[in-house]
Amino acid sequence: MTKRFDKSKLPSRYVSVGVESAPHRSYYYAMGLTEEEIARPFVGIASAGNDSAPCNTTLDQQADWCRQGVNEAGGMPRRFNTITVTDGIAMGHQGMKSSLVSREVIADSVELSVRGHCYDALVTFAGCDKSLPGMMMAMLRLNVPSIFVYGGSILPGRYQERDLTVIDVFEVVGRYAAGKCPLSEVTAIEKAACPGHGACGGQYTANTMACVAEAIGLSLPNSNMAPAPYKSREEIAIAAGRQVMTLIEKQIRPRDICTREAFENAARIVAATGGSTNGALHLPAMANECGIDFDLFDVAEIFKSTPYMADLKPGGRYVAKDMHEAGGIYMLMKSLAQTGLLHLDCMTVTGKTLGENIDEVTWNPDQKVIYDAKTPITPTGGVVGLRGSLAPEGAIVKVAGMHRLQFTGTAKVFEREEDAFAAVEANAIKEGTVVVIRYEGPKGGPGMREMLSTTAALYGQGLGEKVALITDGRFSGGTRGFCIGHVGPEAAEGGPIALVEDGDEISIDAEAGTVDLNVPEDVLAERRAKWEPRRNDYQAGALWRFSQNVGPAYKGAVTHPGASAETHVFADI
C-alpha cells in the first residue's frame, strides 16, 4: 500500500469503522482480508462478464487485472457482476424486447450493490451495447469517484480478401433470400465473421458508446478502442484501478465531469464518427442521472453542425482496430478541437481537462481512418434528427455512407417486426415502399426492439436506399439504408404512426430534418377517433414493469425521475 486514506467521510465507514461495524468486519475477515486491508477505501469493480457472447468473455479477466491497480494505490477492490443482453443474439425475435430493459436492470443492479455494501468508488467493465450506458448511468446516479472501462472490440473476420463484421452475416441472409448467393456462402461468412473475443467491430452501438465514454471524460484517454485480445487491455485495466484511487483522493466525481458541455462534446463524437442512432437514446438517459435536461432535440441540434470525420463501418471502410491504430478517439478530437466545436475545459477522470489531454496528442497525417475536420467526409454529421407530422416528438436516422437524403414513398404497415421480416424474406417489399413497423416502442413493444434483421435483409436484397423503413422501435448501430427510428409519440400512445394505413404517402428529408405523413388532417381526425389502445402480451414480469414506468424515447426512455428529483446523493451518505 502506498497511501492511507481518511474514511471518516467515505461511505465504507458504515461497514468498516467503529465497534458498531464489528459484525460487518467479520464477513471481511471470513474472506481473508486483514485489519489493514479493511481500513482501506472499498472500490467496487463491476463486471458485465459472462458467457453470453464474445463481447463479454474477457471482462472478468480485465476486472481482475483492475484489482492490482486498486491494491497498488491503497484501495480494497471488491468485484461483483451484473447481467447483459447481447443484441446480436437477441436480434430478430422476441428476445430483443429484453435489450433496452437490460440497460435499466444493469444500472439498477450496480446501484443496489454499491448502496448495499457502501463502496467508496467504482470501476465498471462492459462490452455489449446496453451495458455501456447502463454502467455509466449507475456511475452518474451514485456519484462516487468512478472510471468506465470498455472491454474492447473484436478483430475483423476475413472472407475472400475482405474484412467482415457480424453485419455481413445479417446482410448475407438477405442476399440468400433474394437468391443472390448460395447457402455455402452464408455458412462460410457466418463461420468467418467473428474470429474471437470482443464487441462488434464497426461503429455500432458498443463502439459508439465507448467513444462517448472517452469524449465525455469517464474513461482514460485512448483506452477504449484497443481490441479485446490486445495485451494493452491489461495495462488499461490496471491503470484504471490506480487512477480511481486518485479520484477518491481528489474527490473528483462523475457529475463534476459530466456537465452539459461534456454531453455536448459526447454528441459531437457520435456524429463525427457516424455512430449509432442509439447514442441519441443513451445520452439523454445518462443526462437524466445528472439532472441535466438534454433530449433528442438537443442532440440533433449538435449533429447539424458536426463534420462527419471517421471512415468507419457500416457507412465506411474501417473497424475499431483500425481506429485504434490510427490514434483513437483522441486523434479525432485533436482535429475537431481546432474547429472550436469542443468544450475543452471539461474535467476528465485523468484529473486534467479535455483540452489538456488533447494537448498530449500529436496529429498523425499519415493515417487513413480519421479525416481532418477541415476536410471531412461530409460537412455535417453521420446521424440526423428528424421532426414532422409523423414524428412530433422526433425521430432519428443514420445517414453516414448514404447517397440520397430524400425519400417519398407509399406506406406498407406492419404491426410487429416478425411480420415485416417475413415480407422481406418473401420478396414482397418493392422499390418505393416505406415500410412502417409500429407498436415496437418503449411501452408498446414493450422494450423498443432493434430492427437489424429486417434492415440488413433489405440491404442484402439491394433495396437499402430504394425503400425506407420507419419505426417507433430502434435500429442497431449496424443498420444502414434509409431507416428512421425512435418515432414519437409511439403507436402505443396513439401517436401519428398509429394512424398510418397502407398506401399513405410519407416524405422524408434528412437534409431538412423532416419526416411527414402526407394525409389530410380531417382524414387523420377520423382515424384518430376510431383508434383504440392495444394490449401487448407482456402483462407480468420485468417487461411489464418497464412498460409501466418508461418515458418517451426523445427523453431517453428512462424509468425514473433522475437527479432532478433527488433529495440526497449516495456518495454523500
# chains A, B, ... in the order shown; residues from 1 in each chain; ligands from 1
$ residues_around --residues "stretch 483-496 of chain A" --least-positions-apart "4" --cutoff "7 Å" --atoms "only C-alpha atoms" --output "PyMOL selection string"
chain A and resi 390-397+438-439+441+443-444+468-475+500+533-534+553
$ select_by_dssp --residues "stretch 425-567 of chain A" --states "strand (DSSP E or B)" --output "PyMOL selection string"
chain A and resi 433-437+450+468-471+474+482-485+505-509+514-517
$ write_last_selection --atoms "N, CA and C atoms" --output "mmCIF file, in the first residue's frame"
data_model
loop_
_atom_site.group_PDB
_atom_site.id
_atom_site.type_symbol
_atom_site.label_atom_id
_atom_site.label_comp_id
_atom_site.auth_asym_id
_atom_site.auth_seq_id
_atom_site.Cartn_x
_atom_site.Cartn_y
_atom_site.Cartn_z
ATOM 1 N N THR A 433 -41.269 1.622 -51.533
ATOM 2 C CA THR A 433 -42.097 1.376 -50.347
ATOM 3 C C THR A 433 -41.491 2.028 -49.112
ATOM 4 N N VAL A 434 -42.349 2.551 -48.252
ATOM 5 C CA VAL A 434 -41.945 2.956 -46.910
ATOM 6 C C VAL A 434 -42.508 1.918 -45.945
ATOM 7 N N VAL A 435 -41.641 1.045 -45.466
ATOM 8 C CA VAL A 435 -42.061 0.012 -44.521
ATOM 9 C C VAL A 435 -42.261 0.659 -43.156
ATOM 10 N N VAL A 436 -43.451 0.498 -42.590
ATOM 11 C CA VAL A 436 -43.761 1.062 -41.273
ATOM 12 C C VAL A 436 -43.951 -0.092 -40.289
ATOM 13 N N ILE A 437 -43.095 -0.143 -39.267
ATOM 14 C CA ILE A 437 -43.217 -1.157 -38.217
ATOM 15 C C ILE A 437 -43.557 -0.430 -36.920
ATOM 16 N N GLU A 450 -34.693 -3.386 -31.555
ATOM 17 C CA GLU A 450 -33.927 -3.024 -32.742
ATOM 18 C C GLU A 450 -34.385 -3.887 -33.924
ATOM 19 N N ALA A 468 -37.603 2.775 -47.718
ATOM 20 C CA ALA A 468 -37.347 3.376 -46.409
ATOM 21 C C ALA A 468 -38.044 2.523 -45.365
ATOM 22 N N LEU A 469 -37.553 2.607 -44.140
ATOM 23 C CA LEU A 469 -38.176 1.888 -43.036
ATOM 24 C C LEU A 469 -38.329 2.849 -41.869
ATOM 25 N N ILE A 470 -39.537 2.889 -41.324
ATOM 26 C CA ILE A 470 -39.850 3.808 -40.227
ATOM 27 C C ILE A 470 -40.449 3.009 -39.082
ATOM 28 N N THR A 471 -39.988 3.277 -37.866
ATOM 29 C CA THR A 471 -40.497 2.538 -36.716
ATOM 30 C C THR A 471 -40.462 3.388 -35.448
ATOM 31 N N ARG A 474 -36.252 0.769 -32.503
ATOM 32 C CA ARG A 474 -34.894 1.266 -32.679
ATOM 33 C C ARG A 474 -34.210 0.529 -33.820
ATOM 34 N N PHE A 482 -32.038 3.752 -45.582
ATOM 35 C CA PHE A 482 -32.943 4.832 -45.167
ATOM 36 C C PHE A 482 -33.855 4.313 -44.064
ATOM 37 N N CYS A 483 -33.347 4.302 -42.817
ATOM 38 C CA CYS A 483 -34.043 3.684 -41.696
ATOM 39 C C CYS A 483 -34.226 4.696 -40.576
ATOM 40 N N ILE A 484 -35.478 5.032 -40.295
ATOM 41 C CA ILE A 484 -35.814 6.055 -39.306
ATOM 42 C C ILE A 484 -36.392 5.398 -38.068
ATOM 43 N N GLY A 485 -35.782 5.627 -36.929
ATOM 44 C CA GLY A 485 -36.243 5.041 -35.677
ATOM 45 C C GLY A 485 -36.590 6.089 -34.642
ATOM 46 N N GLU A 505 -48.927 8.290 -48.346
ATOM 47 C CA GLU A 505 -47.644 8.835 -48.792
ATOM 48 C C GLU A 505 -46.878 9.390 -47.595
ATOM 49 N N ILE A 506 -45.599 9.035 -47.518
ATOM 50 C CA ILE A 506 -44.718 9.516 -46.452
ATOM 51 C C ILE A 506 -43.498 10.136 -47.105
ATOM 52 N N SER A 507 -43.096 11.308 -46.611
ATOM 53 C CA SER A 507 -41.927 12.014 -47.148
ATOM 54 C C SER A 507 -40.874 12.178 -46.063
ATOM 55 N N ILE A 508 -39.637 11.887 -46.422
ATOM 56 C CA ILE A 508 -38.504 12.012 -45.503
ATOM 57 C C ILE A 508 -37.465 12.910 -46.160
ATOM 58 N N ASP A 509 -36.958 13.872 -45.410
ATOM 59 C CA ASP A 509 -35.888 14.736 -45.909
ATOM 60 C C ASP A 509 -34.835 14.856 -44.814
ATOM 61 N N THR A 514 -36.827 16.506 -41.720
ATOM 62 C CA THR A 514 -38.280 16.351 -41.614
ATOM 63 C C THR A 514 -38.721 14.930 -41.959
ATOM 64 N N VAL A 515 -39.834 14.534 -41.377
ATOM 65 C CA VAL A 515 -40.490 13.270 -41.710
ATOM 66 C C VAL A 515 -41.997 13.496 -41.569
ATOM 67 N N ASP A 516 -42.711 13.403 -42.690
ATOM 68 C CA ASP A 516 -44.112 13.821 -42.715
ATOM 69 C C ASP A 516 -45.019 12.750 -43.304
ATOM 70 N N LEU A 517 -46.209 12.659 -42.716
ATOM 71 C CA LEU A 517 -47.287 11.819 -43.227
ATOM 72 C C LEU A 517 -48.206 12.712 -44.052
#
$ closest_residue --among "A:Ile358, A:Val424, A:Leu155, A:Met137" --to "A:Cys258" --atoms "only C-alpha atoms"
A:Met137
$ residues_around --residues "A:Asp87" --least-positions-apart "6" --cutoff "10 Å" --atoms "only C-alpha atoms" --output "count of residues only"
15
$ residues_around --residues "A:Leu354" --least-positions-apart "6" --cutoff "12 Å" --atoms "only C-alpha atoms" --output "PDB file with all heavy atoms, in the first residue's frame"
ATOM      1  N   GLU A 214     -15.013   8.167 -23.597  1.00  0.00           N
ATOM      2  CA  GLU A 214     -13.772   8.952 -23.610  1.00  0.00           C
ATOM      3  C   GLU A 214     -14.064  10.434 -23.821  1.00  0.00           C
ATOM      4  O   GLU A 214     -13.482  11.293 -23.147  1.00  0.00           O
ATOM      5  CB  GLU A 214     -12.842   8.449 -24.706  1.00  0.00           C
ATOM      6  CG  GLU A 214     -12.206   7.099 -24.400  1.00  0.00           C
ATOM      7  CD  GLU A 214     -11.057   6.778 -25.343  1.00  0.00           C
ATOM      8  OE1 GLU A 214     -10.320   7.707 -25.726  1.00  0.00           O
ATOM      9  OE2 GLU A 214     -10.891   5.595 -25.692  1.00  0.00           O
ATOM     10  N   ALA A 215     -14.958  10.733 -24.754  1.00  0.00           N
ATOM     11  CA  ALA A 215     -15.244  12.138 -25.069  1.00  0.00           C
ATOM     12  C   ALA A 215     -15.896  12.863 -23.903  1.00  0.00           C
ATOM     13  O   ALA A 215     -15.649  14.053 -23.693  1.00  0.00           O
ATOM     14  CB  ALA A 215     -16.142  12.214 -26.303  1.00  0.00           C
ATOM     15  N   ILE A 216     -16.712  12.152 -23.146  1.00  0.00           N
ATOM     16  CA  ILE A 216     -17.420  12.784 -22.035  1.00  0.00           C
ATOM     17  C   ILE A 216     -16.549  12.839 -20.780  1.00  0.00           C
ATOM     18  O   ILE A 216     -16.882  13.521 -19.814  1.00  0.00           O
ATOM     19  CB  ILE A 216     -18.746  12.051 -21.756  1.00  0.00           C
ATOM     20  CG1 ILE A 216     -19.795  13.003 -21.180  1.00  0.00           C
ATOM     21  CG2 ILE A 216     -18.557  10.822 -20.868  1.00  0.00           C
ATOM     22  CD1 ILE A 216     -21.205  12.440 -21.164  1.00  0.00           C
ATOM     23  N   GLY A 217     -15.409  12.102 -20.801  1.00  0.00           N
ATOM     24  CA  GLY A 217     -14.437  12.209 -19.716  1.00  0.00           C
ATOM     25  C   GLY A 217     -14.472  11.108 -18.694  1.00  0.00           C
ATOM     26  O   GLY A 217     -13.758  11.173 -17.693  1.00  0.00           O
ATOM     27  N   LEU A 218     -15.277  10.036 -18.898  1.00  0.00           N
ATOM     28  CA  LEU A 218     -15.416   8.988 -17.894  1.00  0.00           C
ATOM     29  C   LEU A 218     -14.432   7.839 -18.083  1.00  0.00           C
ATOM     30  O   LEU A 218     -14.336   6.964 -17.224  1.00  0.00           O
ATOM     31  CB  LEU A 218     -16.847   8.434 -17.895  1.00  0.00           C
ATOM     32  CG  LEU A 218     -17.942   9.391 -17.410  1.00  0.00           C
ATOM     33  CD1 LEU A 218     -19.310   8.740 -17.537  1.00  0.00           C
ATOM     34  CD2 LEU A 218     -17.693   9.823 -15.964  1.00  0.00           C
ATOM     35  N   SER A 219     -13.704   7.820 -19.201  1.00  0.00           N
ATOM     36  CA  SER A 219     -12.707   6.780 -19.462  1.00  0.00           C
ATOM     37  C   SER A 219     -11.331   7.404 -19.642  1.00  0.00           C
ATOM     38  O   SER A 219     -11.216   8.572 -20.040  1.00  0.00           O
ATOM     39  CB  SER A 219     -13.057   5.996 -20.731  1.00  0.00           C
ATOM     40  OG  SER A 219     -14.193   5.191 -20.539  1.00  0.00           O
ATOM     41  N   LEU A 220     -10.305   6.622 -19.378  1.00  0.00           N
ATOM     42  CA  LEU A 220      -8.942   7.095 -19.617  1.00  0.00           C
ATOM     43  C   LEU A 220      -8.730   7.350 -21.106  1.00  0.00           C
ATOM     44  O   LEU A 220      -9.292   6.641 -21.947  1.00  0.00           O
ATOM     45  CB  LEU A 220      -7.943   6.055 -19.120  1.00  0.00           C
ATOM     46  CG  LEU A 220      -7.946   5.791 -17.606  1.00  0.00           C
ATOM     47  CD1 LEU A 220      -7.022   4.621 -17.280  1.00  0.00           C
ATOM     48  CD2 LEU A 220      -7.535   7.034 -16.828  1.00  0.00           C
ATOM     49  N   PRO A 221      -7.935   8.344 -21.462  1.00  0.00           N
ATOM     50  CA  PRO A 221      -7.716   8.668 -22.878  1.00  0.00           C
ATOM     51  C   PRO A 221      -7.163   7.490 -23.671  1.00  0.00           C
ATOM     52  O   PRO A 221      -6.261   6.773 -23.224  1.00  0.00           O
ATOM     53  CB  PRO A 221      -6.702   9.823 -22.820  1.00  0.00           C
ATOM     54  CG  PRO A 221      -6.931  10.462 -21.491  1.00  0.00           C
ATOM     55  CD  PRO A 221      -7.275   9.324 -20.577  1.00  0.00           C
ATOM     56  N   ILE A 257     -17.611  15.776 -13.834  1.00  0.00           N
ATOM     57  CA  ILE A 257     -17.093  15.543 -15.182  1.00  0.00           C
ATOM     58  C   ILE A 257     -18.184  15.722 -16.229  1.00  0.00           C
ATOM     59  O   ILE A 257     -17.987  16.382 -17.260  1.00  0.00           O
ATOM     60  CB  ILE A 257     -16.483  14.119 -15.247  1.00  0.00           C
ATOM     61  CG1 ILE A 257     -15.220  14.046 -14.374  1.00  0.00           C
ATOM     62  CG2 ILE A 257     -16.194  13.700 -16.683  1.00  0.00           C
ATOM     63  CD1 ILE A 257     -14.726  12.639 -14.118  1.00  0.00           C
ATOM     64  N   CYS A 258     -19.344  15.116 -15.980  1.00  0.00           N
ATOM     65  CA  CYS A 258     -20.423  15.086 -16.982  1.00  0.00           C
ATOM     66  C   CYS A 258     -21.349  16.288 -16.829  1.00  0.00           C
ATOM     67  O   CYS A 258     -22.494  16.172 -16.366  1.00  0.00           O
ATOM     68  CB  CYS A 258     -21.189  13.772 -16.886  1.00  0.00           C
ATOM     69  SG  CYS A 258     -20.194  12.358 -17.376  1.00  0.00           S
ATOM     70  N   GLU A 261     -21.903  20.726 -20.960  1.00  0.00           N
ATOM     71  CA  GLU A 261     -20.894  20.904 -22.015  1.00  0.00           C
ATOM     72  C   GLU A 261     -20.256  19.563 -22.391  1.00  0.00           C
ATOM     73  O   GLU A 261     -19.967  19.312 -23.563  1.00  0.00           O
ATOM     74  CB  GLU A 261     -19.825  21.893 -21.562  1.00  0.00           C
ATOM     75  CG  GLU A 261     -20.291  23.335 -21.455  1.00  0.00           C
ATOM     76  CD  GLU A 261     -21.182  23.606 -20.259  1.00  0.00           C
ATOM     77  OE1 GLU A 261     -21.152  22.810 -19.284  1.00  0.00           O
ATOM     78  OE2 GLU A 261     -21.931  24.605 -20.290  1.00  0.00           O
ATOM     79  N   ALA A 262     -20.046  18.699 -21.397  1.00  0.00           N
ATOM     80  CA  ALA A 262     -19.475  17.387 -21.677  1.00  0.00           C
ATOM     81  C   ALA A 262     -20.437  16.532 -22.502  1.00  0.00           C
ATOM     82  O   ALA A 262     -20.013  15.780 -23.388  1.00  0.00           O
ATOM     83  CB  ALA A 262     -19.118  16.671 -20.377  1.00  0.00           C
ATOM     84  N   ASN A 265     -20.108  17.626 -26.003  1.00  0.00           N
ATOM     85  CA  ASN A 265     -18.917  17.008 -26.603  1.00  0.00           C
ATOM     86  C   ASN A 265     -19.213  15.573 -27.044  1.00  0.00           C
ATOM     87  O   ASN A 265     -18.811  15.139 -28.133  1.00  0.00           O
ATOM     88  CB  ASN A 265     -17.763  16.984 -25.595  1.00  0.00           C
ATOM     89  CG  ASN A 265     -17.149  18.354 -25.360  1.00  0.00           C
ATOM     90  OD1 ASN A 265     -17.326  19.283 -26.150  1.00  0.00           O
ATOM     91  ND2 ASN A 265     -16.421  18.483 -24.269  1.00  0.00           N
ATOM     92  N   ALA A 266     -19.909  14.834 -26.184  1.00  0.00           N
ATOM     93  CA  ALA A 266     -20.223  13.441 -26.499  1.00  0.00           C
ATOM     94  C   ALA A 266     -21.096  13.331 -27.739  1.00  0.00           C
ATOM     95  O   ALA A 266     -20.882  12.465 -28.599  1.00  0.00           O
ATOM     96  CB  ALA A 266     -20.898  12.779 -25.301  1.00  0.00           C
ATOM     97  N   TYR A 330      -9.135  10.216 -29.400  1.00  0.00           N
ATOM     98  CA  TYR A 330      -8.408  11.462 -29.108  1.00  0.00           C
ATOM     99  C   TYR A 330      -7.742  12.024 -30.354  1.00  0.00           C
ATOM    100  O   TYR A 330      -7.565  13.236 -30.478  1.00  0.00           O
ATOM    101  CB  TYR A 330      -7.407  11.254 -27.974  1.00  0.00           C
ATOM    102  CG  TYR A 330      -7.981  11.654 -26.637  1.00  0.00           C
ATOM    103  CD1 TYR A 330      -8.797  10.780 -25.924  1.00  0.00           C
ATOM    104  CD2 TYR A 330      -7.756  12.917 -26.101  1.00  0.00           C
ATOM    105  CE1 TYR A 330      -9.350  11.150 -24.701  1.00  0.00           C
ATOM    106  CE2 TYR A 330      -8.298  13.301 -24.887  1.00  0.00           C
ATOM    107  CZ  TYR A 330      -9.097  12.409 -24.193  1.00  0.00           C
ATOM    108  OH  TYR A 330      -9.644  12.792 -22.988  1.00  0.00           O
ATOM    109  N   MET A 333     -10.507  13.889 -31.895  1.00  0.00           N
ATOM    110  CA  MET A 333     -10.782  15.116 -31.138  1.00  0.00           C
ATOM    111  C   MET A 333      -9.666  16.144 -31.303  1.00  0.00           C
ATOM    112  O   MET A 333      -9.917  17.348 -31.182  1.00  0.00           O
ATOM    113  CB  MET A 333     -11.017  14.786 -29.667  1.00  0.00           C
ATOM    114  CG  MET A 333     -12.335  14.047 -29.416  1.00  0.00           C
ATOM    115  SD  MET A 333     -12.854  14.006 -27.672  1.00  0.00           S
ATOM    116  CE  MET A 333     -11.600  12.966 -26.943  1.00  0.00           C
ATOM    117  N   LYS A 334      -8.438  15.684 -31.577  1.00  0.00           N
ATOM    118  CA  LYS A 334      -7.335  16.617 -31.815  1.00  0.00           C
ATOM    119  C   LYS A 334      -7.668  17.546 -32.977  1.00  0.00           C
ATOM    120  O   LYS A 334      -7.452  18.766 -32.903  1.00  0.00           O
ATOM    121  CB  LYS A 334      -6.053  15.833 -32.126  1.00  0.00           C
ATOM    122  CG  LYS A 334      -4.818  16.700 -32.378  1.00  0.00           C
ATOM    123  CD  LYS A 334      -4.320  17.337 -31.100  1.00  0.00           C
ATOM    124  CE  LYS A 334      -3.035  18.103 -31.310  1.00  0.00           C
ATOM    125  NZ  LYS A 334      -2.524  18.705 -30.044  1.00  0.00           N
ATOM    126  N   ALA A 337     -11.058  19.660 -32.250  1.00  0.00           N
ATOM    127  CA  ALA A 337     -10.864  20.759 -31.301  1.00  0.00           C
ATOM    128  C   ALA A 337     -10.465  22.051 -31.998  1.00  0.00           C
ATOM    129  O   ALA A 337     -10.777  23.159 -31.529  1.00  0.00           O
ATOM    130  CB  ALA A 337      -9.798  20.377 -30.276  1.00  0.00           C
ATOM    131  N   LEU A 342     -15.572  21.798 -29.722  1.00  0.00           N
ATOM    132  CA  LEU A 342     -15.491  21.065 -28.467  1.00  0.00           C
ATOM    133  C   LEU A 342     -15.299  22.013 -27.291  1.00  0.00           C
ATOM    134  O   LEU A 342     -14.610  23.035 -27.410  1.00  0.00           O
ATOM    135  CB  LEU A 342     -14.327  20.070 -28.499  1.00  0.00           C
ATOM    136  CG  LEU A 342     -14.451  18.846 -29.405  1.00  0.00           C
ATOM    137  CD1 LEU A 342     -13.170  18.023 -29.334  1.00  0.00           C
ATOM    138  CD2 LEU A 342     -15.654  18.000 -29.025  1.00  0.00           C
ATOM    139  N   HIS A 343     -15.889  21.654 -26.158  1.00  0.00           N
ATOM    140  CA  HIS A 343     -15.654  22.386 -24.903  1.00  0.00           C
ATOM    141  C   HIS A 343     -14.420  21.772 -24.258  1.00  0.00           C
ATOM    142  O   HIS A 343     -14.470  20.672 -23.697  1.00  0.00           O
ATOM    143  CB  HIS A 343     -16.862  22.270 -23.979  1.00  0.00           C
ATOM    144  CG  HIS A 343     -18.138  22.792 -24.564  1.00  0.00           C
ATOM    145  ND1 HIS A 343     -18.389  24.142 -24.702  1.00  0.00           N
ATOM    146  CD2 HIS A 343     -19.216  22.152 -25.062  1.00  0.00           C
ATOM    147  CE1 HIS A 343     -19.591  24.312 -25.250  1.00  0.00           C
ATOM    148  NE2 HIS A 343     -20.109  23.116 -25.485  1.00  0.00           N
ATOM    149  N   LEU A 344     -13.311  22.457 -24.306  1.00  0.00           N
ATOM    150  CA  LEU A 344     -12.035  21.885 -23.903  1.00  0.00           C
ATOM    151  C   LEU A 344     -11.749  22.015 -22.414  1.00  0.00           C
ATOM    152  O   LEU A 344     -10.795  21.411 -21.911  1.00  0.00           O
ATOM    153  CB  LEU A 344     -10.909  22.539 -24.703  1.00  0.00           C
ATOM    154  CG  LEU A 344     -11.002  22.372 -26.221  1.00  0.00           C
ATOM    155  CD1 LEU A 344      -9.868  23.111 -26.916  1.00  0.00           C
ATOM    156  CD2 LEU A 344     -11.002  20.901 -26.608  1.00  0.00           C
ATOM    157  N   ASP A 345     -12.579  22.788 -21.701  1.00  0.00           N
ATOM    158  CA  ASP A 345     -12.324  22.984 -20.275  1.00  0.00           C
ATOM    159  C   ASP A 345     -13.069  21.983 -19.395  1.00  0.00           C
ATOM    160  O   ASP A 345     -13.071  22.102 -18.173  1.00  0.00           O
ATOM    161  CB  ASP A 345     -12.671  24.415 -19.856  1.00  0.00           C
ATOM    162  CG  ASP A 345     -14.109  24.791 -20.178  1.00  0.00           C
ATOM    163  OD1 ASP A 345     -14.797  24.024 -20.874  1.00  0.00           O
ATOM    164  OD2 ASP A 345     -14.555  25.865 -19.724  1.00  0.00           O
ATOM    165  N   CYS A 346     -13.696  20.968 -20.003  1.00  0.00           N
ATOM    166  CA  CYS A 346     -14.403  19.958 -19.219  1.00  0.00           C
ATOM    167  C   CYS A 346     -13.406  19.057 -18.487  1.00  0.00           C
ATOM    168  O   CYS A 346     -12.397  18.625 -19.049  1.00  0.00           O
ATOM    169  CB  CYS A 346     -15.277  19.100 -20.139  1.00  0.00           C
ATOM    170  SG  CYS A 346     -16.664  19.996 -20.868  1.00  0.00           S
ATOM    171  N   MET A 347     -13.714  18.734 -17.228  1.00  0.00           N
ATOM    172  CA  MET A 347     -12.877  17.846 -16.428  1.00  0.00           C
ATOM    173  C   MET A 347     -13.009  16.410 -16.922  1.00  0.00           C
ATOM    174  O   MET A 347     -14.033  16.018 -17.479  1.00  0.00           O
ATOM    175  CB  MET A 347     -13.292  17.938 -14.951  1.00  0.00           C
ATOM    176  CG  MET A 347     -12.506  17.058 -14.001  1.00  0.00           C
ATOM    177  SD  MET A 347     -10.719  17.311 -14.067  1.00  0.00           S
ATOM    178  CE  MET A 347     -10.606  19.017 -13.519  1.00  0.00           C
ATOM    179  N   THR A 348     -11.945  15.605 -16.733  1.00  0.00           N
ATOM    180  CA  THR A 348     -11.966  14.184 -17.094  1.00  0.00           C
ATOM    181  C   THR A 348     -11.412  13.355 -15.935  1.00  0.00           C
ATOM    182  O   THR A 348     -10.878  13.903 -14.967  1.00  0.00           O
ATOM    183  CB  THR A 348     -11.127  13.910 -18.355  1.00  0.00           C
ATOM    184  OG1 THR A 348      -9.734  14.030 -18.015  1.00  0.00           O
ATOM    185  CG2 THR A 348     -11.474  14.878 -19.481  1.00  0.00           C
ATOM    186  N   GLU A 360      -1.719  16.523 -25.347  1.00  0.00           N
ATOM    187  CA  GLU A 360      -0.686  15.492 -25.291  1.00  0.00           C
ATOM    188  C   GLU A 360      -0.671  14.618 -26.541  1.00  0.00           C
ATOM    189  O   GLU A 360       0.188  13.748 -26.693  1.00  0.00           O
ATOM    190  CB  GLU A 360      -0.901  14.625 -24.047  1.00  0.00           C
ATOM    191  CG  GLU A 360      -0.749  15.408 -22.737  1.00  0.00           C
ATOM    192  CD  GLU A 360      -1.016  14.555 -21.511  1.00  0.00           C
ATOM    193  OE1 GLU A 360      -1.132  13.317 -21.664  1.00  0.00           O
ATOM    194  OE2 GLU A 360      -1.108  15.123 -20.403  1.00  0.00           O
ATOM    195  N   VAL A 361      -1.631  14.870 -27.451  1.00  0.00           N
ATOM    196  CA  VAL A 361      -1.758  14.068 -28.675  1.00  0.00           C
ATOM    197  C   VAL A 361      -1.160  14.835 -29.846  1.00  0.00           C
ATOM    198  O   VAL A 361      -1.369  16.045 -29.989  1.00  0.00           O
ATOM    199  CB  VAL A 361      -3.241  13.746 -28.961  1.00  0.00           C
ATOM    200  CG1 VAL A 361      -3.397  13.005 -30.284  1.00  0.00           C
ATOM    201  CG2 VAL A 361      -3.833  12.943 -27.803  1.00  0.00           C
TER     202      VAL A 361
END
$ residues_around --residues "stretch 540-543 of chain A" --least-positions-apart "4" --cutoff "9 Å" --atoms "only C-alpha atoms" --output "list in words"
Lys97, Ser98, Val101, Gly445, Pro446, Gly447, Ser547 and Gln548 of chain A
$ write_last_selection --atoms "all heavy atoms" --output "short mmCIF file (atom, residue, chain, number, x, y, z; two decimals), in the first residue's frame"
data_model
loop_
_atom_site.label_atom_id
_atom_site.label_comp_id
_atom_site.auth_asym_id
_atom_site.auth_seq_id
_atom_site.Cartn_x
_atom_site.Cartn_y
_atom_site.Cartn_z
N LYS A 97 -36.83 -7.71 -27.09
CA LYS A 97 -37.59 -6.87 -26.17
C LYS A 97 -36.87 -6.70 -24.84
O LYS A 97 -37.13 -5.76 -24.10
CB LYS A 97 -38.99 -7.45 -25.96
CG LYS A 97 -39.88 -7.44 -27.19
CD LYS A 97 -41.25 -8.04 -26.90
CE LYS A 97 -42.11 -8.14 -28.17
NZ LYS A 97 -42.52 -6.84 -28.69
N SER A 98 -35.96 -7.61 -24.53
CA SER A 98 -35.23 -7.54 -23.26
C SER A 98 -34.03 -6.60 -23.31
O SER A 98 -33.49 -6.25 -22.26
CB SER A 98 -34.73 -8.94 -22.88
OG SER A 98 -35.79 -9.85 -22.73
N VAL A 101 -34.47 -2.93 -21.86
CA VAL A 101 -34.81 -3.14 -20.45
C VAL A 101 -33.57 -3.49 -19.65
O VAL A 101 -33.41 -3.09 -18.50
CB VAL A 101 -35.88 -4.25 -20.32
CG1 VAL A 101 -36.27 -4.47 -18.86
CG2 VAL A 101 -37.12 -3.89 -21.15
N GLY A 445 -43.87 -2.16 -27.26
CA GLY A 445 -43.21 -3.42 -27.58
C GLY A 445 -43.56 -4.56 -26.63
O GLY A 445 -44.01 -5.60 -27.08
N PRO A 446 -43.36 -4.38 -25.32
CA PRO A 446 -42.55 -3.29 -24.77
C PRO A 446 -41.06 -3.55 -25.01
O PRO A 446 -40.68 -4.64 -25.40
CB PRO A 446 -42.88 -3.32 -23.28
CG PRO A 446 -43.24 -4.76 -23.02
CD PRO A 446 -43.87 -5.29 -24.28
N GLY A 447 -40.25 -2.51 -24.81
CA GLY A 447 -38.81 -2.70 -24.86
C GLY A 447 -38.11 -2.09 -26.05
O GLY A 447 -36.90 -2.14 -26.14
N SER A 547 -42.71 -1.32 -19.06
CA SER A 547 -43.74 -0.62 -19.84
C SER A 547 -44.56 0.33 -18.98
O SER A 547 -45.05 1.36 -19.47
CB SER A 547 -44.66 -1.62 -20.54
OG SER A 547 -45.49 -2.29 -19.63
N GLN A 548 -44.72 0.00 -17.70
CA GLN A 548 -45.49 0.87 -16.81
C GLN A 548 -44.73 2.14 -16.42
O GLN A 548 -45.36 3.17 -16.13
CB GLN A 548 -45.86 0.10 -15.52
CG GLN A 548 -46.70 -1.13 -15.75
CD GLN A 548 -47.99 -0.82 -16.50
OE1 GLN A 548 -48.80 -0.01 -16.06
NE2 GLN A 548 -48.17 -1.47 -17.64
#
